[in-house]
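Novice: Pasting work_12.cif below, which is mmCIF, C-alpha atoms.
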data_coords
loop_
_atom_site.group_PDB
_atom_site.id
_atom_site.type_symbol
_atom_site.label_atom_id
_atom_site.label_comp_id
_atom_site.auth_asym_id
_atom_site.auth_seq_id
_atom_site.Cartn_x
_atom_site.Cartn_y
_atom_site.Cartn_z
ATOM 1 C CA MET Z 1 -65.277 -96.746 -2.794
ATOM 2 C CA SER Z 2 -68.348 -96.153 -4.904
ATOM 3 C CA TRP Z 3 -71.846 -95.989 -3.416
ATOM 4 C CA GLU Z 4 -72.621 -99.270 -5.142
ATOM 5 C CA SER Z 5 -69.705 -100.949 -3.383
ATOM 6 C CA TYR Z 6 -71.142 -99.873 -0.012
ATOM 7 C CA CYS Z 7 -74.413 -101.607 -0.954
ATOM 8 C CA VAL Z 8 -72.437 -104.735 -1.881
ATOM 9 C CA GLN Z 9 -70.597 -104.496 1.439
ATOM 10 C CA LEU Z 10 -73.909 -104.413 3.324
ATOM 11 C CA THR Z 11 -75.306 -107.439 1.471
ATOM 12 C CA ASP Z 12 -72.014 -109.316 1.885
ATOM 13 C CA GLN Z 13 -72.432 -108.846 5.640
ATOM 14 C CA GLY Z 14 -75.876 -110.468 5.639
ATOM 15 C CA MET Z 15 -78.371 -107.820 4.576
ATOM 16 C CA VAL Z 16 -80.833 -109.057 1.948
ATOM 17 C CA GLY Z 17 -81.079 -105.574 0.429
ATOM 18 C CA ALA Z 18 -79.320 -102.245 0.747
ATOM 19 C CA ALA Z 19 -79.517 -98.678 -0.496
ATOM 20 C CA ILE Z 20 -77.647 -95.429 -0.067
ATOM 21 C CA LEU Z 21 -79.699 -92.253 -0.340
ATOM 22 C CA GLY Z 22 -78.862 -88.594 -0.186
ATOM 23 C CA ALA Z 23 -79.993 -86.744 2.948
ATOM 24 C CA ASP Z 24 -82.955 -85.489 0.877
ATOM 25 C CA GLY Z 25 -83.974 -89.058 0.041
ATOM 26 C CA SER Z 26 -82.636 -89.100 -3.522
ATOM 27 C CA LEU Z 27 -81.332 -92.525 -4.550
ATOM 28 C CA TRP Z 28 -77.547 -92.760 -4.879
ATOM 29 C CA SER Z 29 -77.308 -96.556 -5.192
ATOM 30 C CA SER Z 30 -79.202 -99.720 -4.296
ATOM 31 C CA SER Z 31 -78.796 -103.451 -4.511
ATOM 32 C CA LYS Z 32 -80.894 -105.319 -7.053
ATOM 33 C CA THR Z 33 -82.809 -106.800 -4.106
ATOM 34 C CA LEU Z 34 -84.051 -103.457 -2.738
ATOM 35 C CA ALA Z 35 -85.988 -101.387 -5.264
ATOM 36 C CA LEU Z 36 -87.382 -98.260 -3.656
ATOM 37 C CA LYS Z 37 -90.723 -97.055 -4.992
ATOM 38 C CA PRO Z 38 -91.203 -93.401 -6.035
ATOM 39 C CA GLY Z 39 -91.492 -91.134 -3.000
ATOM 40 C CA GLU Z 40 -90.132 -93.633 -0.464
ATOM 41 C CA GLY Z 41 -86.689 -92.011 -0.224
ATOM 42 C CA PRO Z 42 -88.009 -88.493 0.490
ATOM 43 C CA ALA Z 43 -90.556 -89.977 2.927
ATOM 44 C CA LEU Z 44 -87.721 -91.687 4.828
ATOM 45 C CA ALA Z 45 -85.724 -88.444 4.867
ATOM 46 C CA ASN Z 46 -88.769 -86.693 6.358
ATOM 47 C CA LEU Z 47 -88.990 -89.335 9.093
ATOM 48 C CA PHE Z 48 -85.502 -88.328 10.223
ATOM 49 C CA LYS Z 49 -86.784 -84.746 10.572
ATOM 50 C CA ASN Z 50 -89.864 -85.917 12.546
ATOM 51 C CA PRO Z 51 -88.824 -89.220 14.128
ATOM 52 C CA SER Z 52 -91.959 -89.505 16.290
ATOM 53 C CA ASN Z 53 -93.845 -90.280 13.059
ATOM 54 C CA VAL Z 54 -91.912 -93.560 12.849
ATOM 55 C CA PHE Z 55 -94.086 -95.011 15.613
ATOM 56 C CA ALA Z 56 -97.364 -93.558 14.371
ATOM 57 C CA ASN Z 57 -96.942 -94.269 10.645
ATOM 58 C CA GLY Z 58 -94.277 -96.959 10.316
ATOM 59 C CA ILE Z 59 -91.663 -97.045 7.565
ATOM 60 C CA THR Z 60 -92.333 -98.045 3.959
ATOM 61 C CA ILE Z 61 -89.369 -99.296 1.949
ATOM 62 C CA ALA Z 62 -89.611 -101.097 -1.411
ATOM 63 C CA GLY Z 63 -93.380 -101.287 -1.071
ATOM 64 C CA GLU Z 64 -93.191 -103.052 2.326
ATOM 65 C CA LYS Z 65 -94.488 -101.378 5.473
ATOM 66 C CA TYR Z 66 -92.500 -101.922 8.663
ATOM 67 C CA MET Z 67 -93.609 -101.228 12.225
ATOM 68 C CA GLY Z 68 -91.379 -98.546 13.737
ATOM 69 C CA ILE Z 69 -89.346 -99.814 16.698
ATOM 70 C CA LYS Z 70 -86.736 -97.031 16.951
ATOM 71 C CA GLY Z 71 -86.825 -93.505 15.670
ATOM 72 C CA ASP Z 72 -84.499 -90.599 16.313
ATOM 73 C CA GLN Z 73 -82.635 -88.076 14.167
ATOM 74 C CA GLN Z 74 -79.801 -90.526 13.568
ATOM 75 C CA SER Z 75 -81.375 -94.009 13.377
ATOM 76 C CA ILE Z 76 -84.706 -95.496 12.323
ATOM 77 C CA TYR Z 77 -85.492 -99.195 12.663
ATOM 78 C CA GLY Z 78 -88.560 -101.135 11.601
ATOM 79 C CA LYS Z 79 -89.790 -104.695 11.994
ATOM 80 C CA LYS Z 80 -92.029 -106.901 9.874
ATOM 81 C CA GLY Z 81 -92.411 -110.558 10.732
ATOM 82 C CA LYS Z 82 -88.989 -112.057 11.377
ATOM 83 C CA GLY Z 83 -87.193 -109.454 9.272
ATOM 84 C CA GLY Z 84 -86.863 -105.736 9.287
ATOM 85 C CA ILE Z 85 -85.144 -102.582 8.200
ATOM 86 C CA ALA Z 86 -82.285 -100.624 9.762
ATOM 87 C CA THR Z 87 -81.481 -97.116 8.573
ATOM 88 C CA ALA Z 88 -78.949 -94.543 9.715
ATOM 89 C CA LYS Z 89 -78.417 -90.915 8.705
ATOM 90 C CA THR Z 90 -75.103 -89.165 8.310
ATOM 91 C CA GLY Z 91 -74.543 -85.524 7.387
ATOM 92 C CA GLN Z 92 -75.104 -86.183 3.676
ATOM 93 C CA ALA Z 93 -76.442 -89.731 3.329
ATOM 94 C CA ILE Z 94 -78.999 -92.242 4.557
ATOM 95 C CA ILE Z 95 -77.961 -95.892 4.719
ATOM 96 C CA VAL Z 96 -80.737 -98.482 4.373
ATOM 97 C CA GLY Z 97 -80.352 -102.177 5.123
ATOM 98 C CA ARG Z 98 -83.097 -104.790 4.948
ATOM 99 C CA TYR Z 99 -82.638 -108.084 6.775
ATOM 100 C CA ASP Z 100 -84.510 -111.380 7.078
ATOM 101 C CA GLU Z 101 -84.727 -114.078 9.741
ATOM 102 C CA THR Z 102 -81.137 -115.209 9.120
ATOM 103 C CA LEU Z 103 -79.779 -112.020 10.739
ATOM 104 C CA GLN Z 104 -80.532 -110.892 14.273
ATOM 105 C CA PRO Z 105 -82.002 -107.348 14.483
ATOM 106 C CA GLY Z 106 -79.142 -106.156 16.699
ATOM 107 C CA ASN Z 107 -76.555 -107.447 14.241
ATOM 108 C CA ALA Z 108 -78.376 -105.791 11.340
ATOM 109 C CA ALA Z 109 -78.443 -102.464 13.174
ATOM 110 C CA ASN Z 110 -74.759 -102.829 13.990
ATOM 111 C CA ILE Z 111 -73.848 -103.407 10.321
ATOM 112 C CA VAL Z 112 -75.717 -100.283 9.193
ATOM 113 C CA GLU Z 113 -74.490 -98.122 12.091
ATOM 114 C CA LYS Z 114 -70.836 -99.092 11.505
ATOM 115 C CA LEU Z 115 -71.073 -97.971 7.887
ATOM 116 C CA ALA Z 116 -72.778 -94.747 8.990
ATOM 117 C CA ASP Z 117 -69.990 -94.111 11.525
ATOM 118 C CA TYR Z 118 -67.370 -94.687 8.815
ATOM 119 C CA LEU Z 119 -69.105 -92.241 6.451
ATOM 120 C CA ARG Z 120 -69.440 -89.616 9.218
ATOM 121 C CA GLU Z 121 -65.731 -89.954 10.019
ATOM 122 C CA ASN Z 122 -64.987 -89.350 6.335
ATOM 123 C CA GLY Z 123 -67.082 -86.220 5.947
ATOM 124 C CA TYR Z 124 -70.318 -87.719 4.677
#
Can you dump the structure from the file as structure tokens?

Specialist:
Amino acid sequence: MSWESYCVQLTDQGMVGAAILGADGSLWSSSKTLALKPGEGPALANLFKNPSNVFANGITIAGEKYMGIKGDQQSIYGKKGKGGIATAKTGQAIIVGRYDETLQPGNAANIVEKLADYLRENGY
């Protein structure tokens, strides 16, 4: 599968936007509904290195700032209103999924984490 097809897979499962980044935050692919601004990918990658900053600074994706609700070296989640962001890091990639009120936060996290598990199992 291509990186773009993983983004399509995420949106087909209910995410309103998706992106796949390199572990350094470089953009590999994104849906048309999630346009990262310059510097946001590397900033997210840095949050995985210092996850405590998630709670102090929040997460900014596509120009939207989310309140950090989970932050560790493998997963970072943020909330804004009735929607939010779920991200997961593998050895080589960062998966980003944005959801709205039509998807429960737990389901959104599950969708992103399942893709991350699949990529880890396949060497990414």

Novice: Kindly indicate which residue among Z:Ile20, Z:Leu34, Z:Met1, Z:Ala108 lies nearest to Z:Val96, using all atoms listed in the file for the distances.

Specialist: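 Using all atoms listed in the file, Z:Val96 sits closest to Z:Ile20.
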
Novice: Can you list, as JSON, numbers by chain, the residues that the PyMOL selection byres ((chain Z and resi 75) around 9) selects here?

Specialist: {"Z": [48, 51, 70, 71, 72, 73, 74, 76, 77, 86, 87, 88, 89, 109, 113]}

Novice: Skip Z:Asp12 itself and residues of its chain fewer than 5 positions away, then list as a PDB file with C-alpha atoms, keeping the file's coordinate frame all residues within 12 Å of it, counting all atoms listed in the file.

Specialist:
ATOM      1  CA  SER Z   5     -69.705-100.949  -3.383  1.00  0.00           C
ATOM      2  CA  TYR Z   6     -71.142 -99.873  -0.012  1.00  0.00           C
ATOM      3  CA  CYS Z   7     -74.413-101.607  -0.954  1.00  0.00           C
ATOM      4  CA  GLY Z  17     -81.079-105.574   0.429  1.00  0.00           C
ATOM      5  CA  ALA Z  18     -79.320-102.245   0.747  1.00  0.00           C
ATOM      6  CA  SER Z  31     -78.796-103.451  -4.511  1.00  0.00           C
ATOM      7  CA  GLY Z  97     -80.352-102.177   5.123  1.00  0.00           C
ATOM      8  CA  TYR Z  99     -82.638-108.084   6.775  1.00  0.00           C
ATOM      9  CA  ALA Z 108     -78.376-105.791  11.340  1.00  0.00           C
ATOM     10  CA  ILE Z 111     -73.848-103.407  10.321  1.00  0.00           C
TER      11      ILE Z 111
END

Novice: Between Z:Ile69, Z:Ala19, Z:Thr90, Z:Glu101, which residue has the minimum interatomic distance to Z:Ser52, considering only C-alpha atoms?

Specialist: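 Checking each of Z:Ile69, Z:Ala19, Z:Thr90, Z:Glu101 against Z:Ser52, counting only C-alpha atoms, the winner is Z:Ile69.
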
Novice: Using all atoms listed in the file, which of Z:Tyr124, Z:Tyr66, Z:Tyr118, Z:Trp3 sits nearest Z:Leu44?

Specialist: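 Ranking Z:Tyr124, Z:Tyr66, Z:Tyr118, Z:Trp3 by distance to Z:Leu44, first place goes to Z:Tyr66.
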
Novice: Interatomic distance between atom CA of Z:Gly41 and atom CA of Z:Trp28?

Specialist: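 Taking atom CA of Z:Gly41 and atom CA of Z:Trp28, their separation equals 10.3 Å.
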
Novice: Taking all atoms listed in the file into account, name the residue in Z:Gly78, Z:Leu36, Z:Leu21, Z:Gly83 that is nearest to Z:Ala56.

Specialist: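 With all atoms listed in the file as the atom set, the closest residue is Z:Gly78.
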
Novice: Excluding Z:Gly91 and residues on its chain fewer than 5 positions from it, collect all residues at most 10 Å away from it, counting all atoms listed in the file, and give them as JSON, numbers by chain.

Specialist: {"Z": [22, 23, 74, 116, 119, 120, 123, 124]}

Novice: Can you work out the spacing between atom CA of Z:Lys114 and atom CA of Z:Ala35 in Å, to one decimal?

Specialist: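 We find that atom CA of Z:Lys114 and atom CA of Z:Ala35 lie 22.7 Å from each other.
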
Novice: So the first atom is atom CA of Z:Glu40 and the second is atom CA of Z:Asn122; what is the distance between them in Å, to one decimal place?

Specialist: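 Spanning atom CA of Z:Glu40 to atom CA of Z:Asn122 is a straight-line distance of 26.4 Å.
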
Novice: May I ask which of the residues Z:Ile95, Z:Asp100, Z:Asn50, Z:Phe55 is the closest one to Z:Val112, counting all atoms listed in the file?

Specialist: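 Checking each of Z:Ile95, Z:Asp100, Z:Asn50, Z:Phe55 against Z:Val112, counting all atoms listed in the file, the winner is Z:Ile95.
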
Novice: Taking all atoms listed in the file into account, which of Z:Glu64, Z:Val54, Z:Asp24, Z:Gln92 comes nearest Z:Glu121?

Specialist: Z:Gln92

Novice: I'd like the box whose edges run along x, y and z of the file and which contains every listed atom of stretch 72-90 of chain Z, padded by 8 Å per side; could you state its centre and edge lengths in Å, one decimal, as lines of an AutoDock Vina configuration file?

Specialist:
center_x = -83.8
center_y = -100.1
center_z = 12.3
size_x = 33.3
size_y = 40.0
size_z = 24.1

Novice: Applying 10 Å and all atoms listed in the file, which residues near Z:Leu103 remain after dropping the ones on its own chain fewer than 6 positions away? List them as an MDAnalysis selection string.

Specialist: chainID Z and resid 13:16 82:84 109
